[in-house]
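These notes concern the structure reproduced below.
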Amino acid sequence: MTVSASTGDSPVIESRRQLVEWFESGCTPKKDWAIGTEHEKFAFTRNDLRPIPYEGDRGVKMLLNALAEHYDWEPIIENGNVIALTKDKCSVSLEPGGQIELSGAPLKNIHQTCGEVHTHLHEVREICDGLGIDMLGVGHNPKWKREDIPWMPKGRYEIMKNYMPKVGSLGLDMMLRTSTIQVNLDFSSEADMVKKFRTSLALQPVATALFAASPFVDGKPSGFLSARSNVWTDTDPDRCGMLPFVFEDGFGFERYVDYMLDVPMYFVYRDGKYIDAAGKSFRDFMDGKLDVLPGERPTMNDWSDHMTTAFPEVRLKKFLEMRGADGGPWKRICALPALWVGLLYDDAALDAAWDLVKDLSVAEREALRNDVPRTALATPFKNGTVQDLSKDVLAISREGLKNRGRMDGYGDDESHFLDSLDDVAQSGVTLAEEFLDKYETEWNGSVDPLFKEYAY
């Protein structure tokens with residue numbers, strides 16, 4: 001989620017064309033394409049495995065202030081509370097249930113991404129050790145109930161907290177109990193965006209399967225291998241899902257503008273405060289008919305903020321966000337951007353990846369997305385399974401990374417970052433299934449050892 005709502009001067013929106021131009025301004029020459037990686041993790045107290053509150057000697061506030069003091073991060077303050085940190089085009093921010101997120105800088109290759117991840121986790125570990133806190137990378141909090149999770153003091157979260165139960169039964173779980181890894185990637189033109197959007201959206205269930213790492217809810221098996229992915233199926237149908245219109249003839253920036261105009265609003269940010277506009281129409285806002293701001297029309301900053309309130313499996317802003325993966329261990333953080341960069345940043349790989357899924361119907365794409373959270377790699381696909389598909393996808397991605405030829409100081413290209421995913425695809429055993437096996441055997445029916453064995 002976003003660090004904060006937009007501030008400062010911004011032009012008033014006079015026409016729909018400005019909204020299209022906002023997306024068009026994201027078109028980036030291939031030589032300047034970058035990689036932005038985001039990863040969330042659950043913070044918990046070492047002695048009792050509880051999610052940390054905002055206040056207190058072992059709280060989020062203390063953690064953020066210590067990071068700022070020791071590692072020269074700049075705090076972002078909202079209503080007197082530190083709610084994020086920024087430095088060198090990176091940010092450390094809070095999800096609603098205290099999940100700690102690093103939104104990485106736009107980097108040129110996966111080697112740099114892994115260096116960024118390593119530096120961040122080192123800093124966090126140094127501070128957490130002194131506070132008796134650990135971090136866990138999985139897709140869904142494995143132990144604690146929704147009511148056990150403390151809310152973070154951010155204005156937009158209070159609005160979402162009140163609105164979510166009106167539109168879905170699992171929206172509060174999404175906010176409080178899920179964690180993900182994402183990667184943000186560029187496009188060079190509208191046509192390039194369309195091809196990448198379609199390919200990545202159709203293949204997003206493959207990432208969900210390979211990264212499945214959330215089989216537990218409320219301390220016991222949930223029946224899903226990615227409980228996080230399942231949560232999104234009952235969060236808010238107006239702003240989630242597989243976006244069938246992306247695959248329709250004529251799709252482009254204008255069609256996505258129309259989609260976003262129909263996504264209900266959450267808030268408007270004015271004078272440092274969030275005004276509740278949940279469920280209201282951005283189209284009405286453009287006509288000066290938003291009842292909470294009568295006669296006022298939105299600015300481009302309002303539009304930019306509104307972009308952060310849709311949660312499809314792939315999200316378009318001035319770049320494309322891949323949103324299908326569970327949070328996971330250190331190597332998985334580097335593997336997720338490697339997977340998508342290999343598929344989308346090499347022309348031959350992109351063509352090959354699209355060929356795998358271009359003939360799928362809307363119903364087949366929906367079925368794949370809905371079945372994968374429960375059965376992951378064992379999900380049927382055409383004449384085989386998603387495991388078979390994942391092997392093909394990884395082979396294409398590996399070739400794409402080799403073609404990119406981005407070498408580290410040892411002369412290695414980026415393809416080795418896929419090794420951990422190849423292990424999953426070849427064995428057919430996801431991290432979630434590894435957890436379940438240990439739960440039934442050496443963990444003796446308890447999820448508590450998960451916190452210790454898989455902490456960063």
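Just so we're on the same page: first chain in the structure tokens is A, next is B, and so on; residues restart at 1 for each chain, and ligands are numbered from 1 in the order they show up.
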
Within 12 Å of range 420-438 of chain A, which residues of range 69-150 of chain A come that close, and what is the closest atom pair and distance in Å for each? Count only C-alpha atoms and give it as a Markdown table.
| residue | atom | partner | partner_atom | distance |
| --- | --- | --- | --- | --- |
| A:Gly137 | CA | A:Leu431 | CA | 11.3 |
| A:Val138 | CA | A:Ala432 | CA | 9.0 |
| A:Gly139 | CA | A:Ala432 | CA | 9.5 |
| A:His140 | CA | A:Ala432 | CA | 10.8 |
| A:Pro142 | CA | A:Phe435 | CA | 10.5 |

Residues from last step as file, N, CA and C atoms, as a CSV table (one decimal), in the first residue's frame:
chain,number,residue,atom,x,y,z
A,137,GLY,N,8.3,-14.1,7.0
A,137,GLY,CA,7.8,-14.0,5.6
A,137,GLY,C,6.9,-15.1,5.2
A,138,VAL,N,5.6,-15.0,5.4
A,138,VAL,CA,4.6,-16.0,4.8
A,138,VAL,C,3.4,-15.2,4.3
A,139,GLY,N,2.5,-15.8,3.7
A,139,GLY,CA,1.4,-15.1,3.0
A,139,GLY,C,0.2,-14.7,3.9
A,140,HIS,N,0.0,-15.4,5.0
A,140,HIS,CA,-1.1,-15.2,6.0
A,140,HIS,C,-0.6,-15.4,7.4
A,142,PRO,N,-0.1,-17.1,10.5
A,142,PRO,CA,-0.5,-18.5,10.7
A,142,PRO,C,-1.2,-18.8,12.0

Handout entry: Neighbour list for Gly279 in chain A as a list in words, cut-off 8 Å, only C-alpha atoms, skip fewer than 6 positions in-chain
Key = Tyr163, Pro264, Met265 and Tyr266 of chain A

Just write the chosen residues, N, CA and C atoms, as a compact mmCIF listing (two decimals), in the first residue's frame.
# COMPACT_ATOMS: atom_id res chain seq x y z
N TYR A 163 -15.35 0.32 5.89
CA TYR A 163 -16.00 0.03 4.62
C TYR A 163 -15.91 -1.45 4.23
N PRO A 264 -15.21 2.24 -6.73
CA PRO A 264 -15.66 3.16 -5.68
C PRO A 264 -14.48 3.78 -4.92
N MET A 265 -14.66 5.00 -4.50
CA MET A 265 -13.62 5.72 -3.78
C MET A 265 -13.49 5.19 -2.34
N TYR A 266 -12.37 5.51 -1.73
CA TYR A 266 -12.18 5.34 -0.28
C TYR A 266 -12.15 6.70 0.42

Find the nearest atom pair between each residue of range 219-256 of chain A and range 311-314 of chain A for residues within 6 Å, count only C-alpha atoms, give distances in Å to one decimal, sort rows by chain and ascending number, and present the table as CSV.
residue,atom,partner,partner_atom,distance
A:Arg239,CA,A:Phe311,CA,5.5
A:Cys240,CA,A:Pro312,CA,4.1
A:Gly241,CA,A:Pro312,CA,4.8
A:Met242,CA,A:Glu313,CA,5.9

Handout entry: Å distance separating CA of Ile396 in chain A from CA of Ala349 in chain A, one decimal place
Key = 5.6 Å

Taking only range 265-314 of chain A into account, list the residues labelled helix (DSSP H, G or I) by DSSP (computed from the backbone), as a PDB file with N, CA and C atoms, in the first residue's frame.
ATOM      1  N   PHE A 282     -16.009   8.501  -8.258  1.00  0.00           N
ATOM      2  CA  PHE A 282     -15.035   9.464  -8.766  1.00  0.00           C
ATOM      3  C   PHE A 282     -15.618  10.246  -9.949  1.00  0.00           C
ATOM      4  N   ARG A 283     -16.534   9.634 -10.675  1.00  0.00           N
ATOM      5  CA  ARG A 283     -17.190  10.358 -11.760  1.00  0.00           C
ATOM      6  C   ARG A 283     -17.986  11.547 -11.202  1.00  0.00           C
ATOM      7  N   ASP A 284     -18.688  11.319 -10.095  1.00  0.00           N
ATOM      8  CA  ASP A 284     -19.398  12.426  -9.449  1.00  0.00           C
ATOM      9  C   ASP A 284     -18.422  13.494  -8.985  1.00  0.00           C
ATOM     10  N   PHE A 285     -17.284  13.058  -8.451  1.00  0.00           N
ATOM     11  CA  PHE A 285     -16.251  13.993  -8.005  1.00  0.00           C
ATOM     12  C   PHE A 285     -15.811  14.879  -9.179  1.00  0.00           C
ATOM     13  N   MET A 286     -15.608  14.286 -10.354  1.00  0.00           N
ATOM     14  CA  MET A 286     -15.186  15.055 -11.531  1.00  0.00           C
ATOM     15  C   MET A 286     -16.249  16.065 -11.976  1.00  0.00           C
ATOM     16  N   MET A 300      -5.135  16.055 -10.019  1.00  0.00           N
ATOM     17  CA  MET A 300      -4.389  14.880 -10.468  1.00  0.00           C
ATOM     18  C   MET A 300      -3.801  14.116  -9.295  1.00  0.00           C
ATOM     19  N   ASN A 301      -3.520  14.796  -8.192  1.00  0.00           N
ATOM     20  CA  ASN A 301      -3.088  14.079  -6.999  1.00  0.00           C
ATOM     21  C   ASN A 301      -4.198  13.169  -6.481  1.00  0.00           C
ATOM     22  N   ASP A 302      -5.428  13.636  -6.537  1.00  0.00           N
ATOM     23  CA  ASP A 302      -6.547  12.789  -6.123  1.00  0.00           C
ATOM     24  C   ASP A 302      -6.639  11.541  -7.005  1.00  0.00           C
ATOM     25  N   TRP A 303      -6.407  11.728  -8.302  1.00  0.00           N
ATOM     26  CA  TRP A 303      -6.418  10.585  -9.223  1.00  0.00           C
ATOM     27  C   TRP A 303      -5.291   9.602  -8.886  1.00  0.00           C
ATOM     28  N   SER A 304      -4.102  10.132  -8.627  1.00  0.00           N
ATOM     29  CA  SER A 304      -2.972   9.279  -8.257  1.00  0.00           C
ATOM     30  C   SER A 304      -3.288   8.492  -6.992  1.00  0.00           C
ATOM     31  N   ASP A 305      -3.905   9.138  -6.003  1.00  0.00           N
ATOM     32  CA  ASP A 305      -4.292   8.435  -4.778  1.00  0.00           C
ATOM     33  C   ASP A 305      -5.332   7.356  -5.069  1.00  0.00           C
ATOM     34  N   HIS A 306      -6.279   7.676  -5.946  1.00  0.00           N
ATOM     35  CA  HIS A 306      -7.337   6.722  -6.278  1.00  0.00           C
ATOM     36  C   HIS A 306      -6.761   5.461  -6.925  1.00  0.00           C
ATOM     37  N   MET A 307      -5.652   5.600  -7.660  1.00  0.00           N
ATOM     38  CA  MET A 307      -5.012   4.437  -8.284  1.00  0.00           C
ATOM     39  C   MET A 307      -4.594   3.389  -7.252  1.00  0.00           C
TER      40      MET A 307
END
